[in-house]
Amino acid sequence: MGRGKNALKKLFLQKVLAIINAELELLNFKITHPKSFRPTTSLMFESSLSVIPKFPNLGIMGMTEILSALMLLGGITDNMGKNPTIIAFSEVFEQAFGFSFNDIYDRQSELFKRKSCNLTKTLDALKAVLIKEYKKRQAEALKNKDEKR
């Protein structure tokens, strides 16, 4: 039985060495012919969305307002289950919406220098459009209900 185990070990080692040799050949080929291995798709995430920089009630400062409110609200964690840093938050926003805060700390500083009546301009605008849409849908539902009678 000892010979059988030795034969299996030898076969296993031969297969392992064959795989390692194949990987070495592939790596060597990649080094000598790098153009053959260029990725066909971009590895960077490119958003199909973008923020219009000075769009009323949105833009960079509006996004700063939303980001800051989400951070303060909590409930969003990083992949380690911890509260994300402001840098991590801002990078996700920048990637998702195709813009740059340039310096999120400066943007946040600008935000908190606003007068209290202007602190939530974007959040107020978001609330207003949601309420408007809600009322529109309620009116349509009521109209459809009346038409069915």
# chains A, B, ... in the order shown; residues from 1 in each chain; ligands from 1
call {"tool": "residues_around", "arguments": {"residues": "Glu110 (chain A)", "least_positions_apart": "5", "cutoff": "10 Å", "atoms": "only C-alpha atoms", "output": "mmCIF file with all heavy atoms, in the first residue's frame"}}
result
data_model
loop_
_atom_site.group_PDB
_atom_site.id
_atom_site.type_symbol
_atom_site.label_atom_id
_atom_site.label_comp_id
_atom_site.auth_asym_id
_atom_site.auth_seq_id
_atom_site.Cartn_x
_atom_site.Cartn_y
_atom_site.Cartn_z
ATOM 1 N N MET A 61 -22.671 72.152 -4.490
ATOM 2 C CA MET A 61 -23.080 72.454 -3.115
ATOM 3 C C MET A 61 -24.330 71.663 -2.723
ATOM 4 O O MET A 61 -24.468 71.245 -1.577
ATOM 5 C CB MET A 61 -23.295 73.952 -2.916
ATOM 6 C CG MET A 61 -21.996 74.735 -2.841
ATOM 7 S SD MET A 61 -20.806 74.071 -1.628
ATOM 8 C CE MET A 61 -21.685 74.296 -0.093
ATOM 9 N N THR A 64 -23.116 68.382 -1.799
ATOM 10 C CA THR A 64 -22.469 68.481 -0.489
ATOM 11 C C THR A 64 -23.515 68.427 0.618
ATOM 12 O O THR A 64 -23.331 67.760 1.645
ATOM 13 C CB THR A 64 -21.657 69.789 -0.377
ATOM 14 O OG1 THR A 64 -20.708 69.851 -1.445
ATOM 15 C CG2 THR A 64 -20.941 69.892 0.960
ATOM 16 N N ILE A 104 -13.722 68.106 -0.433
ATOM 17 C CA ILE A 104 -14.980 67.951 0.291
ATOM 18 C C ILE A 104 -14.961 68.733 1.599
ATOM 19 O O ILE A 104 -15.989 69.251 2.035
ATOM 20 C CB ILE A 104 -15.346 66.465 0.520
ATOM 21 C CG1 ILE A 104 -16.755 66.324 1.116
ATOM 22 C CG2 ILE A 104 -14.315 65.776 1.392
ATOM 23 C CD1 ILE A 104 -17.876 66.913 0.298
ATOM 24 N N TYR A 105 -13.796 68.863 2.223
ATOM 25 C CA TYR A 105 -13.712 69.619 3.474
ATOM 26 C C TYR A 105 -14.035 71.094 3.236
ATOM 27 O O TYR A 105 -14.739 71.720 4.036
ATOM 28 C CB TYR A 105 -12.337 69.463 4.124
ATOM 29 C CG TYR A 105 -12.051 68.042 4.573
ATOM 30 C CD1 TYR A 105 -11.153 67.241 3.878
ATOM 31 C CD2 TYR A 105 -12.692 67.507 5.686
ATOM 32 C CE1 TYR A 105 -10.889 65.936 4.294
ATOM 33 C CE2 TYR A 105 -12.446 66.210 6.105
ATOM 34 C CZ TYR A 105 -11.543 65.434 5.406
ATOM 35 O OH TYR A 105 -11.298 64.150 5.812
#
call {"tool": "closest_atom_pairs", "arguments": {"of": "region 40-97 of chain A", "to": "region 121-127 of chain A", "cutoff": "6 Å", "atoms": "only C-alpha atoms", "output": "Markdown table"}}
result
| residue | atom | partner | partner_atom | distance |
| --- | --- | --- | --- | --- |
| A:Asn57 | CA | A:Thr122 | CA | 4.7 |
| A:Leu58 | CA | A:Thr122 | CA | 5.9 |
| A:Gly62 | CA | A:Thr122 | CA | 5.3 |
call {"tool": "closest_residue", "arguments": {"among": "A:Ile60, A:Leu111, A:Leu49, A:Ala128", "to": "Gln95 (chain A)", "atoms": "only C-alpha atoms"}}
result
A:Leu49
call {"tool": "closest_residue", "arguments": {"among": "A:Leu142, A:Ala22, A:Val92, A:Leu119", "to": "Glu46 (chain A)", "atoms": "only C-alpha atoms"}}
result
A:Val92
call {"tool": "residues_around", "arguments": {"residues": "Asp78 (chain A)", "least_positions_apart": "6", "cutoff": "10 Å", "atoms": "only C-alpha atoms", "output": "PyMOL selection string"}}
result
chain A and resi 84-85+88-89
call {"tool": "residues_around", "arguments": {"residues": "Phe93 (chain A)", "least_positions_apart": "4", "cutoff": "10 Å", "atoms": "only C-alpha atoms", "output": "list in words"}}
result
Met63, Thr64, Ile66, Leu67, Ile87, Ala88, Phe89, Phe97, Gly98, Phe99, Ser100 and Phe101 of chain A
call {"tool": "select_by_dssp", "arguments": {"residues": "chain A", "states": "helix (DSSP H, G or I)", "output": "number ranges by chain"}}
result
A: 2-32, 34-37, 59-73, 86-97, 104-112, 116-118, 121-148
